[in-house]
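Engineer: Next up is a structure, given as C-alpha cells.
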Amino acid sequence: MIDIHTHILPGLDDGAACTDDTLIMARAAVSEGITTIIATPHHANGAYTNTADKVAEHTHAINEQLMAAGVPVTIMTGQEVRVHDDLLDAWHRSEILPLASSCYLLVEMPSSRIPKAMLELIHELSLLKLKPIIAHPERNAEVVKHPERLAELIEAGAFAQVTTHSLLGGFGKRIEQSAWSLMKDGLIHIVSSDAHHVERRGFRLREAYASIERRMGEQWVSYLQSNAQSIIEDKPFHIQPAKVSSSKGAVRRFLSYFYKN
Ligand SMILES: [Fe+2]
C-alpha cells in the first residue's frame with residue numbers, strides 16, 4: 001500500500017519528534033503492508049515552515065537510515081501546504097513540493113471554512129499544470145455543512161483526500177459521518193493516514209480499506225489504491241466506480257467532466 005499524507009520526517013513539525021519516532025512509525029507502516037510513504041510535513045501553516053530543499057534533504061537522510069536499519073519502506077518527498085496568499089509566488093521560488101515529484105499538490109484549508117480565493121487558486125494551479133489534492137475535507141466545518149461546496153472545488157479541478165482516522169471514528173461521530181458521506185457521494189479520491197505518531201495517530205490504512213470494502217465494495221478499494229499509485233507514477237486518476245448512494249441530492253456532478261483534465 002501507498003500512504004500519500006504523513007508526518008513521518010523527524011523534528012520538522014508536530015509529527016515524529018526524532019529519528020527513533022520515525023523508525024518506529026516506519027516499522028509500524030511495514031507491518032500494515034505499506035511499502036511507500038510520502039512525507040508531507042506542514043508548510044506555511046503559521047507554525048511550521050518546511051521548504052522544498054529542507055524536506056528533500058531530510059527525506060534523503062531518513063531513507064539512508066531506514067536502509068541501514070533494514071526497514072523495507074521508501075519515503076518520498078512532499079508537503080502539506082497551507083492555502084495562503086504567497087503560495088503561487090512560493091511555487092515560483094521553488095519552495096513548494098508536489099507529492100513524489102508528480103503534478104499532485106497536497107493543500108490544506110483552514111478547519112473552519114473554505115478560503116474565499118480557493119476557486120481562483122485551483123484555477124491558477126491548473127495553469128501551472130498542478131492538481132491540488134485537498135487534505136481531509138471531512139474535517140472542514142464548511143464542507144461538513146455544505147458538501148456541495150467541495151463538489152464545486154472538485155469540478156474546478158481539485159481532488160480530495162480523506163483520513164483513515166476520520167473513517168474509523170477517531171475524530172468523533174460527526175466527522176466519521178461526514179467522511180463516509182463524502183465517500184459515498186463520490187467526492188473522495190484518496191485515502192491516507194495523516195499519521196503523526198504510532199500511538200497518538202498511527203496509520204490504520206489497512207483497517208480503513210477493510211472498512212471501505214465492507215461498506216462500499218472491493219471496487220472502491222481498488223479505485224482508491226490505484227489513485228495512490230497514480231500519484232507515485234504521475235498519472236491521471238482512475239474513473240470512479242458507481243456511487244453507492246446518490247440520495248443526498250445536493251451533489252450532482254458529471255464525473256467524466258473533471259477526469260478529462
Ligand atoms: Fe497532515
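Naming scheme: A, B, ... for chains in displayed order of the C-alpha cells; residues 1 onward per chain; ligands 1 onward as shown.
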Quick one: residues within 9 Å of ligand 1, with only C-alpha atoms and all ligand atoms, as JSON, numbers by chain?

Structural biologist: {"A": [5, 6, 7, 15, 40, 41, 42, 79, 80, 108, 135, 136, 193, 194, 195, 196]}

Engineer: Counting only C-alpha atoms, what is within 8 Å of region 143-146 of chain A, bar same-chain residues fewer than 4 positions away, as a PyMOL selection string?

Structural biologist: chain A and resi 113-114+137-139+150+175+178

Engineer: By how many Å are CA of Pro147 (chain A) and CA of Leu182 (chain A) apart?

Structural biologist: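 Atom-to-atom, CA of Pro147 (chain A) to CA of Leu182 (chain A), that is 7.2 Å.
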
Engineer: Pull the helix (DSSP H, G or I) assignments for region 108-153 of chain A out of DSSP run on the backbone, and list those residues as number ranges by chain.

Structural biologist: A: 118-127, 137-139, 141-145, 147-153

Engineer: Since we have the selection now, will you write its residues out, keeping N, CA, C and O atoms, as a compact mmCIF listing (two decimals), in the first residue's frame?

Structural biologist:
```
# COMPACT_ATOMS: atom_id res chain seq x y z
N MET A 118 -10.24 30.15 -2.94
CA MET A 118 -9.92 28.75 -3.24
C MET A 118 -10.14 28.39 -4.72
O MET A 118 -9.30 27.75 -5.34
N LEU A 119 -11.27 28.82 -5.26
CA LEU A 119 -11.55 28.50 -6.67
C LEU A 119 -10.50 29.12 -7.59
O LEU A 119 -10.02 28.50 -8.53
N GLU A 120 -10.15 30.34 -7.27
CA GLU A 120 -9.14 31.04 -8.08
C GLU A 120 -7.79 30.34 -7.97
O GLU A 120 -7.07 30.18 -8.96
N LEU A 121 -7.46 29.90 -6.75
CA LEU A 121 -6.18 29.19 -6.55
C LEU A 121 -6.16 27.89 -7.38
O LEU A 121 -5.16 27.58 -8.03
N ILE A 122 -7.25 27.15 -7.36
CA ILE A 122 -7.31 25.90 -8.13
C ILE A 122 -7.10 26.21 -9.62
O ILE A 122 -6.36 25.51 -10.32
N HIS A 123 -7.71 27.28 -10.08
CA HIS A 123 -7.55 27.68 -11.48
C HIS A 123 -6.09 28.04 -11.78
O HIS A 123 -5.51 27.59 -12.77
N GLU A 124 -5.50 28.84 -10.90
CA GLU A 124 -4.10 29.25 -11.11
C GLU A 124 -3.17 28.04 -11.08
O GLU A 124 -2.23 27.95 -11.87
N LEU A 125 -3.42 27.12 -10.18
CA LEU A 125 -2.59 25.91 -10.11
C LEU A 125 -2.74 25.08 -11.39
O LEU A 125 -1.77 24.53 -11.91
N SER A 126 -3.96 25.02 -11.91
CA SER A 126 -4.16 24.24 -13.14
C SER A 126 -3.39 24.86 -14.31
O SER A 126 -2.90 24.14 -15.18
N LEU A 127 -3.26 26.18 -14.31
CA LEU A 127 -2.46 26.83 -15.36
C LEU A 127 -0.99 26.43 -15.25
O LEU A 127 -0.25 26.44 -16.23
N PRO A 137 -10.98 17.04 3.79
CA PRO A 137 -12.11 17.98 3.75
C PRO A 137 -13.21 17.62 4.75
O PRO A 137 -14.00 18.48 5.14
N GLU A 138 -13.23 16.34 5.16
CA GLU A 138 -14.27 15.92 6.13
C GLU A 138 -14.10 16.59 7.48
O GLU A 138 -15.00 16.54 8.32
N ARG A 139 -12.96 17.25 7.69
CA ARG A 139 -12.72 17.94 8.96
C ARG A 139 -12.88 19.46 8.80
O ARG A 139 -12.56 20.21 9.72
N ALA A 141 -15.27 22.56 8.60
CA ALA A 141 -16.64 22.82 9.08
C ALA A 141 -17.58 23.23 7.95
O ALA A 141 -18.75 22.83 7.93
N GLU A 142 -17.07 24.01 7.00
CA GLU A 142 -17.95 24.45 5.89
C GLU A 142 -18.31 23.28 4.97
O GLU A 142 -19.45 23.17 4.50
N VAL A 143 -17.35 22.39 4.74
CA VAL A 143 -17.62 21.21 3.90
C VAL A 143 -18.61 20.28 4.61
O VAL A 143 -19.51 19.72 3.97
N VAL A 144 -18.44 20.12 5.91
CA VAL A 144 -19.35 19.25 6.67
C VAL A 144 -20.80 19.73 6.49
O VAL A 144 -21.71 18.94 6.26
N LYS A 145 -20.99 21.06 6.55
CA LYS A 145 -22.34 21.62 6.41
C LYS A 145 -22.80 21.67 4.96
O LYS A 145 -23.98 21.51 4.66
N PRO A 147 -21.53 20.05 1.66
CA PRO A 147 -20.65 19.23 0.81
C PRO A 147 -20.66 19.66 -0.65
O PRO A 147 -19.69 19.42 -1.38
N GLU A 148 -21.73 20.31 -1.07
CA GLU A 148 -21.78 20.77 -2.46
C GLU A 148 -20.68 21.79 -2.77
O GLU A 148 -20.27 21.96 -3.90
N ARG A 149 -20.18 22.44 -1.72
CA ARG A 149 -19.10 23.41 -1.94
C ARG A 149 -17.77 22.69 -2.21
O ARG A 149 -16.92 23.21 -2.91
N LEU A 150 -17.61 21.50 -1.65
CA LEU A 150 -16.44 20.68 -2.01
C LEU A 150 -16.62 20.19 -3.45
O LEU A 150 -15.66 20.20 -4.24
N ALA A 151 -17.84 19.81 -3.80
CA ALA A 151 -18.10 19.37 -5.18
C ALA A 151 -17.72 20.46 -6.18
O ALA A 151 -17.15 20.18 -7.24
N GLU A 152 -17.99 21.70 -5.80
CA GLU A 152 -17.66 22.83 -6.67
C GLU A 152 -16.13 22.93 -6.88
O GLU A 152 -15.65 23.16 -7.99
N LEU A 153 -15.38 22.70 -5.82
CA LEU A 153 -13.91 22.75 -5.92
C LEU A 153 -13.41 21.60 -6.79
O LEU A 153 -12.45 21.75 -7.56
```

Engineer: Mind checking which residues fall within 10 Å of Thr35 (chain A), counting only C-alpha atoms, ignoring those fewer than 4 positions away in the same chain, and posting them as a ChimeraX atom specification?

Structural biologist: /A:1-3,26,29-31,71-75

Engineer: How about saving the chosen residues, N, CA and C atoms kept, as a compact mmCIF listing (two decimals), in the first residue's frame?

Structural biologist:
```txt
# COMPACT_ATOMS: atom_id res chain seq x y z
N MET A 1 0.84 -1.20 0.00
CA MET A 1 0.00 0.00 0.00
C MET A 1 0.88 1.26 0.00
N ILE A 2 0.27 2.31 -0.46
CA ILE A 2 0.96 3.61 -0.54
C ILE A 2 0.21 4.60 0.36
N ASP A 3 0.95 5.34 1.15
CA ASP A 3 0.35 6.35 2.02
C ASP A 3 0.87 7.72 1.57
N ALA A 26 7.90 3.90 10.81
CA ALA A 26 8.19 3.17 9.56
C ALA A 26 7.98 1.68 9.75
N ALA A 29 4.33 0.96 9.80
CA ALA A 29 3.80 1.03 8.43
C ALA A 29 4.08 -0.27 7.69
N VAL A 30 5.29 -0.76 7.80
CA VAL A 30 5.67 -2.02 7.13
C VAL A 30 4.79 -3.17 7.63
N SER A 31 4.53 -3.18 8.93
CA SER A 31 3.73 -4.28 9.49
C SER A 31 2.29 -4.26 8.98
N VAL A 71 14.72 -1.46 7.28
CA VAL A 71 13.26 -1.28 7.25
C VAL A 71 12.83 -1.09 5.79
N PRO A 72 12.06 -2.06 5.25
CA PRO A 72 11.77 -2.03 3.80
C PRO A 72 10.62 -1.11 3.42
N VAL A 73 10.86 0.18 3.53
CA VAL A 73 9.86 1.16 3.12
C VAL A 73 10.59 2.34 2.49
N THR A 74 9.99 2.93 1.49
CA THR A 74 10.60 4.08 0.82
C THR A 74 9.84 5.35 1.17
N ILE A 75 10.57 6.37 1.53
CA ILE A 75 9.95 7.67 1.82
C ILE A 75 10.16 8.57 0.61
```

Engineer: Can you tell me which residues surround Cys103 (chain A) at a distance of at most 7 Å, considering only C-alpha atoms, apart from same-chain residues fewer than 5 positions away, and format the answer as a PyMOL selection string?

Structural biologist: chain A and resi 98+129-131+234

Engineer: Looking only at strand (DSSP E or B) from DSSP on the backbone, list the matching residues of region 37-240 of chain A as JSON, numbers by chain.

Structural biologist: {"A": [37, 38, 39, 42, 43, 74, 75, 76, 80, 81, 82, 104, 105, 106, 107, 108, 131, 132, 133, 134, 135, 159, 160, 161, 162, 163, 190, 191, 192, 195, 197, 201]}

Engineer: For N, CA and C atoms, I'd like the residues from the last selection saved as an mmCIF file, in the first residue's frame.

Structural biologist:
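Below is the file that was written, out.cif:
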```cif
data_model
loop_
_atom_site.group_PDB
_atom_site.id
_atom_site.type_symbol
_atom_site.label_atom_id
_atom_site.label_comp_id
_atom_site.auth_asym_id
_atom_site.auth_seq_id
_atom_site.Cartn_x
_atom_site.Cartn_y
_atom_site.Cartn_z
ATOM 1 N N ILE A 37 5.781 5.640 1.365
ATOM 2 C CA ILE A 37 5.188 6.696 2.188
ATOM 3 C C ILE A 37 5.632 8.047 1.634
ATOM 4 N N ILE A 38 4.687 8.917 1.408
ATOM 5 C CA ILE A 38 5.076 10.288 1.046
ATOM 6 C C ILE A 38 5.091 11.111 2.334
ATOM 7 N N ALA A 39 6.225 11.735 2.581
ATOM 8 C CA ALA A 39 6.368 12.593 3.764
ATOM 9 C C ALA A 39 5.792 13.962 3.416
ATOM 10 N N HIS A 42 4.046 19.784 7.497
ATOM 11 C CA HIS A 42 3.299 21.037 7.353
ATOM 12 C C HIS A 42 4.221 22.098 6.769
ATOM 13 N N HIS A 43 3.645 22.918 5.901
ATOM 14 C CA HIS A 43 4.402 24.053 5.382
ATOM 15 C C HIS A 43 3.488 25.283 5.343
ATOM 16 N N THR A 74 9.987 2.933 1.489
ATOM 17 C CA THR A 74 10.601 4.082 0.817
ATOM 18 C C THR A 74 9.838 5.346 1.169
ATOM 19 N N ILE A 75 10.575 6.372 1.533
ATOM 20 C CA ILE A 75 9.946 7.667 1.821
ATOM 21 C C ILE A 75 10.161 8.571 0.610
ATOM 22 N N MET A 76 9.101 9.225 0.180
ATOM 23 C CA MET A 76 9.202 10.167 -0.943
ATOM 24 C C MET A 76 8.847 11.575 -0.453
ATOM 25 N N GLU A 80 2.496 19.261 3.093
ATOM 26 C CA GLU A 80 1.093 19.628 3.276
ATOM 27 C C GLU A 80 1.092 21.150 3.342
ATOM 28 N N VAL A 81 0.731 21.753 2.233
ATOM 29 C CA VAL A 81 0.872 23.205 2.099
ATOM 30 C C VAL A 81 -0.421 23.889 2.514
ATOM 31 N N ARG A 82 -0.314 24.750 3.475
ATOM 32 C CA ARG A 82 -1.489 25.530 3.870
ATOM 33 C C ARG A 82 -1.830 26.514 2.753
ATOM 34 N N TYR A 104 0.694 16.392 -8.574
ATOM 35 C CA TYR A 104 -0.281 16.496 -7.476
ATOM 36 C C TYR A 104 0.319 17.234 -6.276
ATOM 37 N N LEU A 105 -0.458 18.171 -5.750
ATOM 38 C CA LEU A 105 -0.003 19.007 -4.636
ATOM 39 C C LEU A 105 -1.002 18.891 -3.483
ATOM 40 N N LEU A 106 -0.504 18.526 -2.309
ATOM 41 C CA LEU A 106 -1.400 18.367 -1.152
ATOM 42 C C LEU A 106 -1.599 19.725 -0.475
ATOM 43 N N VAL A 107 -2.829 20.206 -0.476
ATOM 44 C CA VAL A 107 -3.106 21.519 0.115
ATOM 45 C C VAL A 107 -4.070 21.385 1.292
ATOM 46 N N GLU A 108 -3.848 22.232 2.273
ATOM 47 C CA GLU A 108 -4.660 22.195 3.489
ATOM 48 C C GLU A 108 -5.430 23.504 3.642
ATOM 49 N N LYS A 131 -2.184 19.738 -9.902
ATOM 50 C CA LYS A 131 -3.508 19.259 -9.485
ATOM 51 C C LYS A 131 -3.567 19.229 -7.960
ATOM 52 N N PRO A 132 -4.322 20.138 -7.373
ATOM 53 C CA PRO A 132 -4.389 20.163 -5.899
ATOM 54 C C PRO A 132 -5.224 19.013 -5.341
ATOM 55 N N ILE A 133 -4.709 18.403 -4.293
ATOM 56 C CA ILE A 133 -5.478 17.421 -3.517
ATOM 57 C C ILE A 133 -5.777 18.070 -2.176
ATOM 58 N N ILE A 134 -7.042 18.233 -1.869
ATOM 59 C CA ILE A 134 -7.442 18.890 -0.621
ATOM 60 C C ILE A 134 -7.362 17.873 0.509
ATOM 61 N N ALA A 135 -6.534 18.174 1.514
ATOM 62 C CA ALA A 135 -6.358 17.273 2.653
ATOM 63 C C ALA A 135 -7.604 17.288 3.543
ATOM 64 N N PHE A 159 -8.920 17.610 -6.188
ATOM 65 C CA PHE A 159 -9.267 16.272 -5.717
ATOM 66 C C PHE A 159 -9.321 16.327 -4.188
ATOM 67 N N ALA A 160 -9.750 15.225 -3.569
ATOM 68 C CA ALA A 160 -9.897 15.260 -2.110
ATOM 69 C C ALA A 160 -9.386 13.972 -1.474
ATOM 70 N N GLN A 161 -8.736 14.135 -0.317
ATOM 71 C CA GLN A 161 -8.162 13.010 0.445
ATOM 72 C C GLN A 161 -8.860 12.898 1.790
ATOM 73 N N VAL A 162 -9.384 11.730 2.083
ATOM 74 C CA VAL A 162 -9.989 11.502 3.396
ATOM 75 C C VAL A 162 -8.966 10.808 4.292
ATOM 76 N N THR A 163 -9.085 11.040 5.592
ATOM 77 C CA THR A 163 -8.122 10.478 6.541
ATOM 78 C C THR A 163 -8.670 9.194 7.166
ATOM 79 N N ILE A 190 -8.795 9.792 -2.619
ATOM 80 C CA ILE A 190 -7.603 9.209 -2.000
ATOM 81 C C ILE A 190 -7.875 8.983 -0.504
ATOM 82 N N VAL A 191 -7.364 7.887 0.001
ATOM 83 C CA VAL A 191 -7.396 7.652 1.455
ATOM 84 C C VAL A 191 -5.957 7.616 1.942
ATOM 85 N N SER A 192 -5.688 8.310 3.030
ATOM 86 C CA SER A 192 -4.341 8.206 3.619
ATOM 87 C C SER A 192 -4.418 8.497 5.105
ATOM 88 N N ALA A 195 -0.638 10.268 9.330
ATOM 89 C CA ALA A 195 -0.031 9.732 10.558
ATOM 90 C C ALA A 195 0.956 10.739 11.162
ATOM 91 N N HIS A 197 2.117 9.903 14.754
ATOM 92 C CA HIS A 197 2.785 9.202 15.846
ATOM 93 C C HIS A 197 2.094 7.851 15.997
ATOM 94 N N ARG A 201 -1.544 9.068 16.688
ATOM 95 C CA ARG A 201 -2.206 8.990 15.379
ATOM 96 C C ARG A 201 -1.335 8.163 14.452
#
```

Engineer: Would you mind reading off the distance between CA of Asp14 (chain A) and CA of His84 (chain A), one decimal, in Å?

Structural biologist: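 Interatomic distance here is 19.6 Å.
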
Engineer: Have a look at CA of Ala56 (chain A) and CA of Lys235 (chain A) and let me know their distance in Å, one decimal.

Structural biologist: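 Distance between the two atoms: 21.9 Å.
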
Engineer: Any idea what's packed within 12 Å of Glu57 (chain A), counting only C-alpha atoms, ignoring anything in its chain fewer than 3 positions away? Could you give it as a PyMOL selection string?

Structural biologist: chain A and resi 9-10+12+39+50-54+60-64+75-78

Engineer: For C-alpha atoms, I'd like the residues from the last selection saved as a PDB file, in the first residue's frame.

Structural biologist:
```
ATOM      1  CA  LEU A   9      10.083  13.093   8.977  1.00  0.00           C
ATOM      2  CA  PRO A  10      11.782  13.729  12.325  1.00  0.00           C
ATOM      3  CA  LEU A  12      10.069  19.119  11.262  1.00  0.00           C
ATOM      4  CA  ALA A  39       6.368  12.593   3.764  1.00  0.00           C
ATOM      5  CA  ASN A  50       9.370  23.365   5.669  1.00  0.00           C
ATOM      6  CA  THR A  51      10.553  24.488   2.266  1.00  0.00           C
ATOM      7  CA  ALA A  52      11.254  22.072  -0.589  1.00  0.00           C
ATOM      8  CA  ASP A  53      15.015  21.896  -0.126  1.00  0.00           C
ATOM      9  CA  LYS A  54      14.682  21.178   3.600  1.00  0.00           C
ATOM     10  CA  HIS A  60      17.273  11.627   1.652  1.00  0.00           C
ATOM     11  CA  ALA A  61      18.821  11.276   5.113  1.00  0.00           C
ATOM     12  CA  ILE A  62      15.953   9.226   6.533  1.00  0.00           C
ATOM     13  CA  ASN A  63      15.909   6.841   3.562  1.00  0.00           C
ATOM     14  CA  GLU A  64      19.585   6.104   4.227  1.00  0.00           C
ATOM     15  CA  ILE A  75       9.946   7.667   1.821  1.00  0.00           C
ATOM     16  CA  MET A  76       9.202  10.167  -0.943  1.00  0.00           C
ATOM     17  CA  THR A  77       9.062  13.939  -0.790  1.00  0.00           C
ATOM     18  CA  GLY A  78       6.001  16.099  -0.329  1.00  0.00           C
TER      19      GLY A  78
END
```

Engineer: Please tabulate, as CSV, the residues of region 101-189 of chain A that come within 10 Å of region 215-219 of chain A, each with its closest pair of atoms and the distance in Å to one decimal, counting only C-alpha atoms and ordering rows by chain, then residue number upward.

Structural biologist:
```
residue,atom,partner,partner_atom,distance
A:Trp180,CA,A:Arg215,CA,9.3
A:Met183,CA,A:Met216,CA,9.0
A:Lys184,CA,A:Met216,CA,7.8
```

Engineer: Find the residues near Trp220 (chain A): any atom within 12 Å, counting only C-alpha atoms, skip ones fewer than 3 places away on the same chain, and give them as a list in words.

Structural biologist: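 Non-adjacent residues within range: Met183, Lys184, Gly186, Ile188, His189, Ile190, Val191, Ala208, Tyr209, Ala210, Ser211, Ile212, Glu213, Arg214, Arg215, Met216, Gly217, Tyr223, Leu224, Gln225, Ser226, Asn227, His238, Ile239, Gln240, Pro241, Ala242, Lys243 and Val244 of chain A.
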